[in-house]
Each structure stands twice: as C-alpha cells, then as structure tokens.
file entry_21.txt (compact mmCIF, C-alpha atoms)
# COMPACT_ATOMS: atom_id res chain seq x y z
CA MET A 1 -63.82 9.26 37.47
CA LYS A 2 -62.20 10.18 34.15
CA LYS A 3 -60.47 13.17 35.75
CA THR A 4 -59.25 11.02 38.65
CA LEU A 5 -57.79 8.41 36.31
CA LYS A 6 -56.10 11.12 34.27
CA VAL A 7 -54.45 12.64 37.35
CA PHE A 8 -53.19 9.31 38.69
CA ALA A 9 -51.99 8.29 35.23
CA ALA A 10 -49.98 11.53 35.10
CA ILE A 11 -48.52 10.81 38.54
CA ALA A 12 -47.58 7.28 37.46
CA LEU A 13 -45.93 8.67 34.32
CA LEU A 14 -43.84 11.10 36.38
CA LEU A 15 -42.64 8.35 38.71
CA VAL A 16 -41.85 5.91 35.89
CA VAL A 17 -39.89 8.55 33.97
CA TYR A 18 -37.94 9.49 37.11
CA TYR A 19 -37.09 5.85 37.83
CA LEU A 20 -36.05 5.17 34.24
CA LEU A 21 -33.89 8.30 34.11
CA GLN A 22 -32.08 7.22 37.27
CA LEU A 23 -31.57 3.71 35.91
CA LEU A 24 -30.37 5.02 32.55
CA PHE A 25 -27.89 7.60 33.85
CA VAL A 26 -26.50 5.41 36.65
CA THR A 27 -25.94 2.56 34.19
CA LEU A 28 -24.35 4.81 31.55
CA SER A 29 -22.16 6.40 34.21
CA ALA A 30 -21.09 2.95 35.41
CA VAL A 31 -20.16 1.94 31.87
CA LEU A 32 -18.15 5.16 31.52
CA PHE A 33 -16.20 4.86 34.78
CA ILE A 34 -15.57 1.13 34.46
CA SER A 35 -14.49 1.48 30.82
CA VAL A 36 -11.99 4.15 31.86
CA GLY A 37 -10.76 1.89 34.65
CA VAL A 38 -10.37 -1.07 32.29
CA SER A 39 -8.53 1.09 29.74
CA ALA A 40 -6.21 2.42 32.44
CA GLY A 41 -5.53 -1.09 33.70
CA THR A 42 -6.89 -0.43 37.21
CA LEU A 43 -9.85 -2.75 36.66
CA PRO A 44 -10.05 -6.21 35.09
CA ALA A 45 -11.90 -6.52 31.76
CA GLU A 46 -14.66 -8.64 33.34
CA SER A 47 -15.70 -5.67 35.49
CA LEU A 48 -18.11 -4.59 32.74
CA GLU A 49 -20.06 -7.80 33.38
CA LEU A 50 -21.01 -6.43 36.84
CA ILE A 51 -22.99 -3.52 35.41
CA GLY A 52 -26.20 -5.43 36.13
CA GLU A 53 -25.24 -5.44 39.82
CA ILE A 54 -24.72 -1.70 40.01
CA GLN A 55 -26.78 -1.38 43.17
CA HIS A 56 -24.67 -3.91 45.08
CA SER A 57 -21.38 -3.25 46.80
CA SER A 58 -18.24 -4.94 45.55
CA GLU A 59 -15.32 -6.54 47.32
CA ASN A 60 -13.04 -4.95 44.73
CA THR A 61 -12.10 -1.53 46.16
CA ALA A 62 -11.44 0.07 42.78
CA LEU A 63 -14.71 -1.27 41.36
CA ALA A 64 -16.60 -0.12 44.45
CA ALA A 65 -15.19 3.40 43.96
CA CYS A 66 -16.36 3.33 40.33
CA MET A 67 -19.82 2.32 41.47
CA VAL A 68 -19.96 5.22 43.93
CA ASN A 69 -18.85 7.68 41.25
CA ALA A 70 -21.38 6.21 38.83
CA ARG A 71 -24.25 6.56 41.29
CA ALA A 72 -23.23 10.12 42.16
CA LEU A 73 -23.02 11.23 38.52
CA GLY A 74 -26.13 9.26 37.56
CA ILE A 75 -28.24 10.76 40.35
CA PHE A 76 -26.99 14.25 39.48
CA LEU A 77 -27.76 13.93 35.75
CA SER A 78 -31.11 12.20 36.26
CA ALA A 79 -32.24 14.90 38.71
CA LEU A 80 -31.37 17.66 36.24
CA SER A 81 -33.08 15.78 33.41
CA MET A 82 -36.19 15.23 35.51
CA LEU A 83 -36.43 18.92 36.35
CA PHE A 84 -36.33 19.74 32.63
CA PHE A 85 -38.93 17.03 31.93
CA ILE A 86 -41.31 18.41 34.55
CA HIS A 87 -40.89 21.93 33.21
CA PHE A 88 -41.16 21.32 29.47
CA THR A 89 -44.06 18.88 29.76
CA GLY A 90 -45.98 21.42 31.83
CA PHE A 91 -46.41 19.32 34.96
CA TYR A 92 -44.90 22.19 36.94
CA LYS A 93 -43.38 25.27 35.34
CA LEU A 94 -40.00 26.20 36.77
CA ARG A 95 -39.92 29.95 37.20
CA TRP A 96 -38.78 32.47 39.74
CA GLY A 97 -42.23 32.17 41.29
CA LEU A 98 -41.19 28.70 42.41
CA LEU A 99 -39.18 30.53 45.05
CA ARG A 100 -41.86 33.10 45.72
CA SER A 101 -40.96 35.20 48.70
CA VAL A 102 -41.88 34.08 52.18
CA ALA A 103 -41.74 36.48 55.11
CA PRO A 104 -38.67 35.84 57.30
CA ARG A 105 -40.68 34.78 60.35
CA PRO A 106 -42.74 32.02 58.62
CA LEU A 107 -39.60 30.83 56.83
CA LEU A 108 -37.72 30.58 60.13
CA ILE A 109 -40.61 28.83 61.86
CA SER A 110 -41.08 26.34 59.02
CA THR A 111 -37.35 25.57 59.00
CA LEU A 112 -37.37 24.96 62.75
CA LEU A 113 -40.50 22.83 62.35
CA VAL A 114 -38.74 20.59 59.83
CA PHE A 115 -35.70 20.41 62.13
CA SER A 116 -37.74 19.34 65.19
CA SER A 117 -39.96 16.95 63.18
CA MET A 118 -36.90 15.35 61.62
CA PHE A 119 -35.41 14.53 65.02
CA ALA A 120 -38.71 13.27 66.44
CA LEU A 121 -39.42 11.04 63.43
CA ASN A 122 -35.85 9.73 63.25
CA ILE A 123 -36.20 8.47 66.82
CA PHE A 124 -39.73 7.18 66.14
CA VAL A 125 -38.80 4.95 63.18
CA GLN A 126 -35.98 3.34 65.18
CA TRP A 127 -38.60 1.77 67.47
CA PHE A 128 -39.78 -0.51 64.66
CA PRO A 129 -37.90 -3.42 63.02
CA LEU A 130 -37.61 -1.65 59.67
CA GLU A 131 -34.78 -2.64 57.35
CA ASP A 132 -32.49 -0.02 55.82
CA ASN A 133 -31.39 -1.30 52.41
CA LEU A 134 -29.48 1.80 51.39
CA THR A 135 -27.06 2.34 54.27
CA ASP A 136 -23.94 1.41 52.28
CA ILE A 137 -25.00 3.37 49.20
CA PHE A 138 -25.86 6.49 51.22
CA SER A 139 -22.60 6.21 53.14
CA GLY A 140 -20.59 6.00 49.90
CA LEU A 141 -22.39 8.95 48.31
CA SER A 142 -21.89 11.01 51.48
CA ARG A 143 -18.13 10.77 50.95
CA ASN A 144 -18.26 11.76 47.29
CA ALA A 145 -18.27 15.47 46.39
CA LEU A 146 -20.80 15.14 43.56
CA GLY A 147 -22.80 12.71 45.67
CA VAL A 148 -23.06 15.28 48.46
CA VAL A 149 -24.27 17.93 45.99
CA GLY A 150 -26.87 15.50 44.66
CA LEU A 151 -28.07 14.24 48.04
CA ALA A 152 -28.01 17.48 49.98
CA PHE A 153 -29.09 20.05 47.39
CA LEU A 154 -30.26 18.78 44.01
CA ALA A 155 -32.40 15.88 45.27
CA PRO A 156 -34.35 18.09 47.73
CA LEU A 157 -34.99 20.64 44.98
CA LEU A 158 -36.21 18.01 42.53
CA GLU A 159 -38.27 16.08 45.08
CA GLU A 160 -40.11 19.17 46.26
CA VAL A 161 -40.82 20.27 42.69
CA LEU A 162 -41.99 16.73 41.86
CA PHE A 163 -43.88 15.62 44.96
CA ARG A 164 -45.17 18.91 46.32
CA GLY A 165 -45.28 21.19 43.27
CA ALA A 166 -46.41 18.74 40.58
CA ILE A 167 -48.05 15.81 42.43
CA GLN A 168 -49.56 17.54 45.47
CA GLY A 169 -50.63 20.43 43.25
CA ALA A 170 -52.43 18.07 40.85
CA LEU A 171 -54.09 16.22 43.74
CA MET A 172 -55.17 19.50 45.30
CA ARG A 173 -56.91 20.48 42.09
CA LEU A 174 -58.50 17.02 41.92
CA PHE A 175 -59.72 16.75 45.52
CA GLY A 176 -60.31 20.44 46.16
CA ARG A 177 -59.25 19.87 49.78
CA PRO A 178 -55.77 20.05 51.29
CA TRP A 179 -55.47 17.01 53.55
CA PRO A 180 -56.29 14.24 51.03
CA ALA A 181 -53.80 15.83 48.62
CA ILE A 182 -51.12 16.22 51.32
CA ILE A 183 -51.48 12.65 52.61
CA VAL A 184 -51.60 10.93 49.20
CA ALA A 185 -48.60 12.94 47.94
CA ALA A 186 -46.69 12.06 51.13
CA LEU A 187 -47.52 8.36 50.71
CA VAL A 188 -46.27 8.43 47.12
CA PHE A 189 -43.15 10.28 48.33
CA GLY A 190 -42.47 7.66 50.99
CA ILE A 191 -43.18 4.57 48.88
CA PHE A 192 -41.02 5.84 46.01
CA HIS A 193 -37.95 5.66 48.26
CA PHE A 194 -38.16 1.82 47.96
CA ASN A 195 -36.57 1.39 51.40
CA PRO A 196 -38.63 0.15 54.39
CA VAL A 197 -37.29 2.57 57.00
CA GLN A 198 -37.43 5.50 54.58
CA ILE A 199 -40.99 4.67 53.51
CA VAL A 200 -42.24 5.37 57.04
CA TYR A 201 -39.90 8.29 57.73
CA ALA A 202 -40.34 9.98 54.35
CA THR A 203 -44.13 9.57 54.41
CA LEU A 204 -44.46 11.21 57.82
CA LEU A 205 -41.97 13.96 57.00
CA GLY A 206 -43.73 14.38 53.65
CA ILE A 207 -46.93 15.22 55.52
CA VAL A 208 -45.03 17.96 57.35
CA PHE A 209 -43.59 19.26 54.06
CA GLY A 210 -47.00 19.12 52.40
CA TRP A 211 -48.71 21.04 55.16
CA ILE A 212 -45.97 23.71 55.20
CA TYR A 213 -46.29 24.09 51.43
CA TYR A 214 -50.06 24.38 51.71
CA ARG A 215 -49.90 27.01 54.45
CA THR A 216 -47.09 29.15 53.04
CA GLY A 217 -47.95 28.71 49.35
CA SER A 218 -44.25 28.57 48.51
CA LEU A 219 -41.82 25.80 47.67
CA LEU A 220 -38.98 27.85 49.14
CA SER A 221 -39.89 26.94 52.71
CA VAL A 222 -40.05 23.19 52.02
CA ILE A 223 -36.95 23.20 49.83
CA VAL A 224 -34.99 24.88 52.65
CA GLY A 225 -36.36 22.33 55.12
CA HIS A 226 -35.61 19.39 52.84
CA VAL A 227 -32.05 20.62 52.20
CA LEU A 228 -31.62 20.88 55.98
CA ASN A 229 -32.89 17.33 56.48
CA ASN A 230 -30.64 15.79 53.82
CA SER A 231 -27.59 17.88 54.73
CA LEU A 232 -27.77 16.85 58.38
CA ALA A 233 -28.16 13.21 57.34
CA VAL A 234 -25.02 13.50 55.19
CA VAL A 235 -23.02 15.25 57.92
CA THR A 236 -24.15 12.72 60.54
CA THR A 237 -23.12 9.82 58.29
CA ILE A 238 -19.70 11.36 57.63
CA VAL A 239 -18.99 12.19 61.28
CA PHE A 240 -20.61 9.33 63.17
CA GLY A 241 -21.22 6.65 60.55
CA ALA A 242 -24.42 4.62 60.32
CA GLY A 243 -26.10 2.13 62.62
CA GLU A 244 -25.97 3.87 66.01
CA GLU A 245 -29.44 5.43 65.92
CA GLN A 246 -31.41 2.47 67.25
CA ALA A 247 -29.42 2.11 70.47
CA VAL A 248 -29.86 5.83 71.21
CA ALA A 249 -33.58 5.78 70.31
CA GLU A 250 -34.32 2.90 72.69
CA SER A 251 -32.59 4.57 75.63
CA SER A 252 -34.25 6.93 78.08
CA ILE A 253 -32.49 9.79 76.30
CA GLY A 254 -34.12 8.77 73.03
CA ILE A 255 -37.61 8.55 74.53
CA THR A 256 -37.22 11.90 76.27
CA GLY A 257 -35.85 13.44 73.07
CA PHE A 258 -38.80 12.15 71.05
CA LEU A 259 -41.32 13.67 73.47
CA LEU A 260 -39.53 17.02 73.55
CA PHE A 261 -39.13 17.28 69.78
CA ALA A 262 -42.71 16.10 69.17
CA LEU A 263 -44.09 18.76 71.54
CA LEU A 264 -41.82 21.38 70.00
CA SER A 265 -43.07 20.40 66.54
CA LEU A 266 -46.70 20.83 67.61
CA TYR A 267 -45.90 24.23 69.11
CA LEU A 268 -44.08 25.38 65.96
CA ALA A 269 -46.95 24.16 63.78
CA THR A 270 -49.39 26.34 65.74
CA GLN A 271 -47.01 29.30 65.48
CA LEU A 272 -46.66 28.85 61.71
CA ASN A 273 -50.43 28.64 61.41
CA LYS A 274 -50.68 32.01 63.16
CA ALA A 275 -47.79 33.58 61.25
CA VAL A 276 -49.25 33.14 57.74
CA PRO A 277 -52.58 34.48 56.47
CA PRO A 278 -55.47 32.15 55.60
CA VAL A 279 -54.88 30.18 52.41
CA GLY A 280 -56.44 31.96 49.44
CA GLU A 281 -55.91 32.74 45.82
CA LYS A 282 -52.16 33.30 46.23
CA THR A 283 -51.35 29.70 47.12
CA GLU A 284 -49.37 28.07 44.28
CA PHE A 285 -51.55 25.06 43.50
call {"tool": "encode", "arguments": {"input": "entry_21.txt", "output": "structure tokens"}}
result
Amino acid sequence: MKKTLKVFAAIALLLVVYYLLQLLFVTLSAVLFISVGVSAGTLPAESLELIGEIQHSSENTALAACMVNARALGIFLSALSMLFFIHFTGFYKLRWGLLRSVAPRPLLISTLLVFSSMFALNIFVQWFPLEDNLTDIFSGLSRNALGVVGLAFLAPLLEEVLFRGAIQGALMRLFGRPWPAIIVAALVFGIFHFNPVQIVYATLLGIVFGWIYYRTGSLLSVIVGHVLNNSLAVVTTIVFGAGEEQAVAESSIGITGFLLFALLSLYLATQLNKAVPPVGEKTEF
C-alpha cells in the first residue's frame, strides 16, 4: 500500500507541476505580448485586465492575436521546462536511449497502426454528444508558427516522455503487469486533456500508444506515431477547418470507414506482435 501511494503521489506531482508550468508561462507570455501591444498603442491599457480570461477568445482582433501568441509561446516554454523537470528529478532520464533503435519493419507497422487507429477513433468519438471546448484555441495555434511546432512536435515528445516513459513506466514497476499500467496511464493521459471529446479519444489512442511502447520497448515508435497524429490534426484544421467531422462520421461513408480502419488496426496489431521479439529485459520500463 505504501508503495502504491508513493507511485500515485509521484504521478499527481508530475501532473500538477505540468499544469502549473503551463499556467505560469501562458500568463507571463500574455503579460509580455499585451504589454508590448499597449506600449505600441495597438491595444488599450485595460487589455491587461483580461489576463485572467486568457483561455477565452476576444472580440478584439489585436488582443485575440496576442492571446494566440501567448498560448503558443507559453506551451512551448512549459513543455521544455517540463522535460527538464522530468529529467533532473529522475522521473525519466532523457538520454539517447530514449530513442533506442527500432527495426524499420516494426517502426513502419507501429506508425501505420497509429494512423489507422487515429482514423477509426476519430470517427468513433463523433458518434457521441461530446463537447469540444478547445476548437477555437486549437484552430488559432494551428495558424501560428510556434504553435504548430508546439502542437505537432514538442507536445508529442513531452507527452510520450511523461505519460508513457515516466507514468506508464512507474505503473509497470508497481503492477508488474503490462495491461493495468497501460490502461491507467492512458486514462490519466485522456483525463489530463480536460476536454470531453479528447478525454475519450486520447484515452483510447493512449492505450494504442501504451501497447506499442510495451511491445517495442522504445519511445521512438510512439513519438513518431504521436507526431503523426498531431501533425495531421493541425493540417486538417488549416485546410478544412473544424466542425465537419460529425456529419461525415454519421454518414454511410463514415461507418464504412470506421469498420475498415478498425479491421486494419487489428491486423496491424497482430503483425506488430509478430514482428518484435517477446518482451524481456531490454524493454525500457
């Protein structure tokens, strides 16, 4: 019991620190950008009073642009800071072994598995009345250069180090079995997104990531898959905008697509299972 409490206390500490770092850097970035805008005369002096509403969109175009820039810079800086925190506190040591080599075939199969699972799950979640609270924020960040870097590359790196490397690794050592560790880490991953539609989607995709990490023993395969997932989401938002997924998902094309991608995912999972040796001492837990 003492060991269990210690592990979950460590997990809670990681999540609290990550949340506070995001809040700190986004707020400081907002103060910076708005202060510059006020000094330049492009924003009214009372704009600084809206810092407490940083997560909400603004009718003022200039202020809204500042908010987007603030979120982009804040997410970027908080992700870097969190990576350093994880490393220097020993929760997960960042080293070249983090990207331990994976044979080309398992890497290709795992990437395709993430790709097919992503499409199947994206259709699946559209069948439920789940609210998306972050559509406007994600759309704004997708049109910001630093936001794209943060969303598509840095966030996947950090989240895999945090949720798979540190949290799933700690749970694996606690439980001594893969599936409880994979499922609990995926649930934490989903819930921490604080967005109803993403809670379901991220939890289910987190199970896929967790199983791939367990089977390959390398974060490289899940980082590549996570970068693919986020990059496609960014590109789709830029090209097509948001809000069209539900109509497609509820059509016959959506249902057929879900079945095809779900079956393909199952097939790829069996192929990955065959392509990698049994899990042993080399797995990085």
call {"tool": "residues_around", "arguments": {"input": "entry_21.txt", "residues": "A:Thr42", "least_positions_apart": "4", "cutoff": "9 Å", "atoms": "all atoms listed in the file", "output": "list in words"}}
result
Val36, Gly37, Val38, Ala62 and Leu63 of chain A
call {"tool": "residues_around", "arguments": {"input": "entry_21.txt", "residues": "A:Ser81", "least_positions_apart": "2", "cutoff": "12 Å", "atoms": "all atoms listed in the file", "output": "list in words"}}
result
Val17, Tyr18, Tyr19, Leu20, Leu21, Gln22, Leu24, Phe25, Gly74, Ile75, Phe76, Leu77, Ser78, Ala79, Leu83, Phe84, Phe85, Ile86, His87, Phe88, Thr89, Leu154, Ala155 and Leu158 of chain A
call {"tool": "write_last_selection", "arguments": {"input": "entry_21.txt", "atoms": "C-alpha atoms", "output": "CSV table (one decimal), in the frame of the given file"}}
result
chain,number,residue,atom,x,y,z
A,17,VAL,CA,-39.9,8.6,34.0
A,18,TYR,CA,-37.9,9.5,37.1
A,19,TYR,CA,-37.1,5.8,37.8
A,20,LEU,CA,-36.0,5.2,34.2
A,21,LEU,CA,-33.9,8.3,34.1
A,22,GLN,CA,-32.1,7.2,37.3
A,24,LEU,CA,-30.4,5.0,32.6
A,25,PHE,CA,-27.9,7.6,33.8
A,74,GLY,CA,-26.1,9.3,37.6
A,75,ILE,CA,-28.2,10.8,40.4
A,76,PHE,CA,-27.0,14.2,39.5
A,77,LEU,CA,-27.8,13.9,35.8
A,78,SER,CA,-31.1,12.2,36.3
A,79,ALA,CA,-32.2,14.9,38.7
A,83,LEU,CA,-36.4,18.9,36.4
A,84,PHE,CA,-36.3,19.7,32.6
A,85,PHE,CA,-38.9,17.0,31.9
A,86,ILE,CA,-41.3,18.4,34.6
A,87,HIS,CA,-40.9,21.9,33.2
A,88,PHE,CA,-41.2,21.3,29.5
A,89,THR,CA,-44.1,18.9,29.8
A,154,LEU,CA,-30.3,18.8,44.0
A,155,ALA,CA,-32.4,15.9,45.3
A,158,LEU,CA,-36.2,18.0,42.5
call {"tool": "atom_distance", "arguments": {"input": "entry_21.txt", "atom1": "atom CA of A:Lys2", "atom2": "atom CA of A:Gly210"}}
result
25.4 Å
call {"tool": "atom_distance", "arguments": {"input": "entry_21.txt", "atom1": "atom CA of A:Tyr267", "atom2": "atom CA of A:Phe119"}}
result
14.9 Å
call {"tool": "residues_around", "arguments": {"input": "entry_21.txt", "residues": "A:Val114", "least_positions_apart": "2", "cutoff": "10 Å", "atoms": "all atoms listed in the file", "output": "ChimeraX atom specification"}}
result
/A:109-112,116-120,205,208-209,212,221-222,224-226,228-229,265,268-269
call {"tool": "closest_residue", "arguments": {"input": "entry_21.txt", "among": "A:Phe33, A:Phe189, A:Trp179, A:Tyr214", "to": "A:Ile167", "atoms": "all atoms listed in the file"}}
result
A:Phe189
